[in-house]
Amino acid sequence: MHSFLRAIGFSNVKDRLDLENLIQLITESSSEKRSYILQDGRTLAEITKLFSKQIGITVRGEFDKEGKFYMEHYFPYIKGSYMSTKEDVSIIKRVDTDAYTGMSDDVRLGVSLIFYLQNVVDYFDEIKNKKQLDRPYPIYLSALSVSGKVLLPLERDEKLAKSNSAEVQYRRQLISEAKKGNQEAIDSLTIDDIDMYAMISRRAKVEDIYTIVETTFTPYGSESDNYTILGTILDFEILKNEITGEEIYNLGISCNDVVFQVAINKNDLYGEPLVGRRFKGNIWLQGFVDFSFNNA
């Protein structure tokens, strides 16, 4: 049973029978079907059904020669609306299933961005006549969450905000140079990290940690595409699952200046989301890579 089904309004799926009925509904009344013939003659297929605007479930598997479909796995998703980043991307097959993850470096986060790839068939189409991906692609990130809370915003000083923005830009330049092997940049980043640790340790004695840290993006647990985030709510809407009637918050989140959407069941979010407030929670990060994008 997929633990993130409740994030898109299927908290009532409790056992194998409920799941099989849901999978049958998706395969018999799908919103979209995509297929790709592999080199060994197998036909890979993605069968998708939307249950509200942007949220749905994709079933991935194979068709045999008689046209019978065999499911390999499925995943709930929310389709991202924001182009979160545009970088070179590496696609890696997971060991346990036919699922794929994408990995991209974004200096805004300071860590390698790893996400669950939503559009595998598009990926196969892209590499059909290529050995590797050879250019940056737009990546539309999104995420599902089953546990989150709303925090109050920080009081902002405009002059201080501009100063911090300049410091962030300078730090990103240092990170970019450090990745190229620039020793001066590496030393400068090391000194900055020591100073930051000392500042946080000093302020944490008299202040709450969430008044010091405005936003964060941190790997969480043993899965490479799970993160703990703290980000600012840019916009939000309430979606309703057309099958179960459950309500889902669709939150637009800015986290370390990376913008993406988070879907969470209304019953799983503690607090009332409003623009300017912050969202803190654990997420399963997904991504739609626009392989059709043309740089020309």
# chains A, B, ... in the order shown; residues from 1 in each chain; ligands from 1

$ select_by_dssp --residues "segment 17-242 of chain A" --states "strand (DSSP E or B)" --output "PyMOL selection string"
chain A and resi 32-37+43-52+55-63+69-78+85-87+90-93+100-105+112-117+137-151+216-219+226-240

$ residues_around --residues "segment 21-29 of chain A" --least-positions-apart "4" --cutoff "8 Å" --atoms "only C-alpha atoms" --output "PyMOL selection string"
chain A and resi 17+47-49+57+59

$ write_last_selection --atoms "all heavy atoms" --output "compact mmCIF listing (two decimals), in the first residue's frame"
# COMPACT_ATOMS: atom_id res chain seq x y z
N LEU A 17 -7.92 -5.26 -1.17
CA LEU A 17 -9.12 -5.23 -2.00
C LEU A 17 -9.46 -3.81 -2.42
O LEU A 17 -9.80 -3.57 -3.59
CB LEU A 17 -10.30 -5.86 -1.23
CG LEU A 17 -11.64 -5.91 -1.99
CD1 LEU A 17 -11.50 -6.72 -3.28
CD2 LEU A 17 -12.73 -6.49 -1.10
N ILE A 47 -0.49 4.48 -17.43
CA ILE A 47 -1.93 4.74 -17.46
C ILE A 47 -2.25 5.68 -16.29
O ILE A 47 -2.00 5.36 -15.14
CB ILE A 47 -2.74 3.44 -17.35
CG1 ILE A 47 -2.38 2.49 -18.49
CG2 ILE A 47 -4.23 3.74 -17.35
CD1 ILE A 47 -3.05 1.14 -18.40
N THR A 48 -2.81 6.84 -16.62
CA THR A 48 -3.01 7.89 -15.63
C THR A 48 -4.48 8.26 -15.53
O THR A 48 -5.20 8.29 -16.53
CB THR A 48 -2.21 9.14 -16.01
OG1 THR A 48 -0.81 8.83 -16.00
CG2 THR A 48 -2.47 10.28 -15.05
N LYS A 49 -4.91 8.51 -14.29
CA LYS A 49 -6.27 9.03 -14.08
C LYS A 49 -6.20 10.20 -13.11
O LYS A 49 -5.59 10.10 -12.04
CB LYS A 49 -7.21 7.96 -13.53
CG LYS A 49 -8.65 8.48 -13.34
CD LYS A 49 -9.61 7.38 -12.99
CE LYS A 49 -11.01 7.95 -12.71
NZ LYS A 49 -11.58 8.66 -13.88
N ILE A 57 -3.30 9.43 -10.11
CA ILE A 57 -2.49 8.22 -9.90
C ILE A 57 -2.06 7.71 -11.26
O ILE A 57 -2.86 7.65 -12.20
CB ILE A 57 -3.27 7.13 -9.14
CG1 ILE A 57 -3.65 7.62 -7.73
CG2 ILE A 57 -2.46 5.84 -9.05
CD1 ILE A 57 -4.51 6.64 -6.96
N VAL A 59 -0.42 4.37 -13.13
CA VAL A 59 -0.11 2.94 -13.04
C VAL A 59 0.88 2.64 -14.16
O VAL A 59 0.61 2.94 -15.32
CB VAL A 59 -1.37 2.07 -13.18
CG1 VAL A 59 -1.01 0.59 -13.12
CG2 VAL A 59 -2.38 2.41 -12.09

$ closest_residue --among "A:Val258, A:Ala263, A:Ile114, A:Leu151" --to "Gly56 of chain A" --atoms "only C-alpha atoms"
A:Ala263

$ atom_distance --atom1 "atom CA of Thr228 of chain A" --atom2 "atom CA of Ile283 of chain A"
6.3 Å

$ closest_residue --among "A:Asp88, A:Asp290, A:Asp268, A:Glu155" --to "Thr211 of chain A" --atoms "only C-alpha atoms"
A:Glu155

$ residues_around --residues "Lys266 of chain A" --least-positions-apart "4" --cutoff "9 Å" --atoms "only C-alpha atoms" --output "JSON, numbers by chain"
{"A": [7, 9, 238, 246, 247, 248, 249, 270]}

$ closest_residue --among "A:Thr216, A:Leu234, A:Leu154, A:Tyr116" --to "Gly281 of chain A" --atoms "only C-alpha atoms"
A:Thr216

$ closest_residue --among "A:Tyr140, A:Phe236, A:Phe279, A:Tyr197" --to "Ile78 of chain A" --atoms "only C-alpha atoms"
A:Tyr140

$ closest_residue --among "A:Ser188, A:Gln183, A:Gly231, A:Gly245" --to "Tyr210 of chain A" --atoms "only C-alpha atoms"
A:Gly231

$ atom_distance --atom1 "atom CA of Asp18 of chain A" --atom2 "atom CA of Glu242 of chain A"
16.5 Å

$ residues_around --residues "Trp284 of chain A" --least-positions-apart "3" --cutoff "9 Å" --atoms "only C-alpha atoms" --output "PyMOL selection string"
chain A and resi 4+115-116+142-145+223+225-227

$ write_last_selection --atoms "all heavy atoms" --output "short mmCIF file (atom, residue, chain, number, x, y, z; two decimals), in the first residue's frame"
data_model
loop_
_atom_site.label_atom_id
_atom_site.label_comp_id
_atom_site.auth_asym_id
_atom_site.auth_seq_id
_atom_site.Cartn_x
_atom_site.Cartn_y
_atom_site.Cartn_z
N PHE A 4 1.55 7.41 0.51
CA PHE A 4 1.17 8.77 0.14
C PHE A 4 -0.17 8.84 -0.58
O PHE A 4 -0.52 9.90 -1.10
CB PHE A 4 2.26 9.39 -0.72
CG PHE A 4 3.49 9.79 0.05
CD1 PHE A 4 4.54 8.91 0.20
CD2 PHE A 4 3.56 11.01 0.68
CE1 PHE A 4 5.67 9.26 0.92
CE2 PHE A 4 4.68 11.37 1.41
CZ PHE A 4 5.74 10.49 1.54
N PHE A 115 14.74 13.48 -7.19
CA PHE A 115 13.28 13.44 -7.22
C PHE A 115 12.81 12.21 -7.99
O PHE A 115 13.53 11.64 -8.81
CB PHE A 115 12.72 14.71 -7.88
CG PHE A 115 13.25 14.97 -9.27
CD1 PHE A 115 12.63 14.45 -10.38
CD2 PHE A 115 14.39 15.74 -9.46
CE1 PHE A 115 13.11 14.67 -11.67
CE2 PHE A 115 14.88 15.98 -10.73
CZ PHE A 115 14.24 15.44 -11.84
N TYR A 116 11.57 11.81 -7.71
CA TYR A 116 10.93 10.69 -8.40
C TYR A 116 10.44 11.18 -9.76
O TYR A 116 9.71 12.16 -9.84
CB TYR A 116 9.77 10.17 -7.56
CG TYR A 116 9.09 8.93 -8.09
CD1 TYR A 116 9.46 7.67 -7.65
CD2 TYR A 116 8.08 9.02 -9.03
CE1 TYR A 116 8.82 6.53 -8.12
CE2 TYR A 116 7.44 7.91 -9.52
CZ TYR A 116 7.82 6.66 -9.05
OH TYR A 116 7.19 5.54 -9.53
N SER A 142 7.22 18.94 -7.73
CA SER A 142 6.02 18.90 -6.90
C SER A 142 6.27 17.89 -5.79
O SER A 142 7.26 17.16 -5.82
CB SER A 142 4.79 18.51 -7.72
OG SER A 142 4.99 17.25 -8.36
N ALA A 143 5.39 17.84 -4.82
CA ALA A 143 5.62 16.95 -3.68
C ALA A 143 4.31 16.56 -3.03
O ALA A 143 3.31 17.28 -3.11
CB ALA A 143 6.54 17.62 -2.66
N LEU A 144 4.34 15.41 -2.37
CA LEU A 144 3.22 14.94 -1.55
C LEU A 144 3.68 14.89 -0.10
O LEU A 144 4.83 14.59 0.18
CB LEU A 144 2.76 13.55 -2.00
CG LEU A 144 2.29 13.40 -3.45
CD1 LEU A 144 1.87 11.96 -3.72
CD2 LEU A 144 1.14 14.35 -3.76
N SER A 145 2.76 15.18 0.80
CA SER A 145 3.08 15.14 2.23
C SER A 145 1.92 14.52 3.00
O SER A 145 0.75 14.72 2.63
CB SER A 145 3.35 16.56 2.75
OG SER A 145 3.60 16.54 4.15
N GLU A 223 15.08 7.11 2.23
CA GLU A 223 14.76 7.27 0.82
C GLU A 223 15.40 8.54 0.27
O GLU A 223 15.30 9.61 0.88
CB GLU A 223 13.24 7.33 0.61
CG GLU A 223 12.50 6.06 1.00
CD GLU A 223 12.79 4.91 0.04
OE1 GLU A 223 13.21 5.18 -1.09
OE2 GLU A 223 12.60 3.76 0.44
N ASP A 225 14.64 10.48 -2.16
CA ASP A 225 13.76 11.55 -2.65
C ASP A 225 12.81 12.07 -1.57
O ASP A 225 11.82 12.73 -1.89
CB ASP A 225 12.98 11.10 -3.88
CG ASP A 225 12.30 9.75 -3.70
OD1 ASP A 225 12.25 9.27 -2.54
OD2 ASP A 225 11.86 9.16 -4.70
N ASN A 226 13.10 11.80 -0.31
CA ASN A 226 12.31 12.32 0.81
C ASN A 226 13.08 13.44 1.50
O ASN A 226 14.29 13.32 1.74
CB ASN A 226 12.00 11.22 1.83
CG ASN A 226 10.93 10.26 1.33
OD1 ASN A 226 10.48 10.34 0.19
ND2 ASN A 226 10.53 9.34 2.18
N TYR A 227 12.35 14.51 1.83
CA TYR A 227 13.00 15.68 2.42
C TYR A 227 12.14 16.25 3.54
O TYR A 227 10.92 16.08 3.55
CB TYR A 227 13.24 16.78 1.37
CG TYR A 227 14.16 16.38 0.25
CD1 TYR A 227 13.68 15.77 -0.90
CD2 TYR A 227 15.53 16.61 0.34
CE1 TYR A 227 14.53 15.40 -1.94
CE2 TYR A 227 16.39 16.24 -0.69
CZ TYR A 227 15.88 15.63 -1.82
OH TYR A 227 16.73 15.27 -2.84
#

$ closest_residue --among "A:Asn265, A:Leu44, A:Ile37, A:Asn182" --to "Lys128 of chain A" --atoms "only C-alpha atoms"
A:Ile37

$ atom_distance --atom1 "atom CA of Glu126 of chain A" --atom2 "atom CA of Thr85 of chain A"
19.0 Å

$ select_by_dssp --residues "segment 36-255 of chain A" --states "helix (DSSP H, G or I)" --output "PyMOL selection string"
chain A and resi 120-126+158-179+183-203+209-212
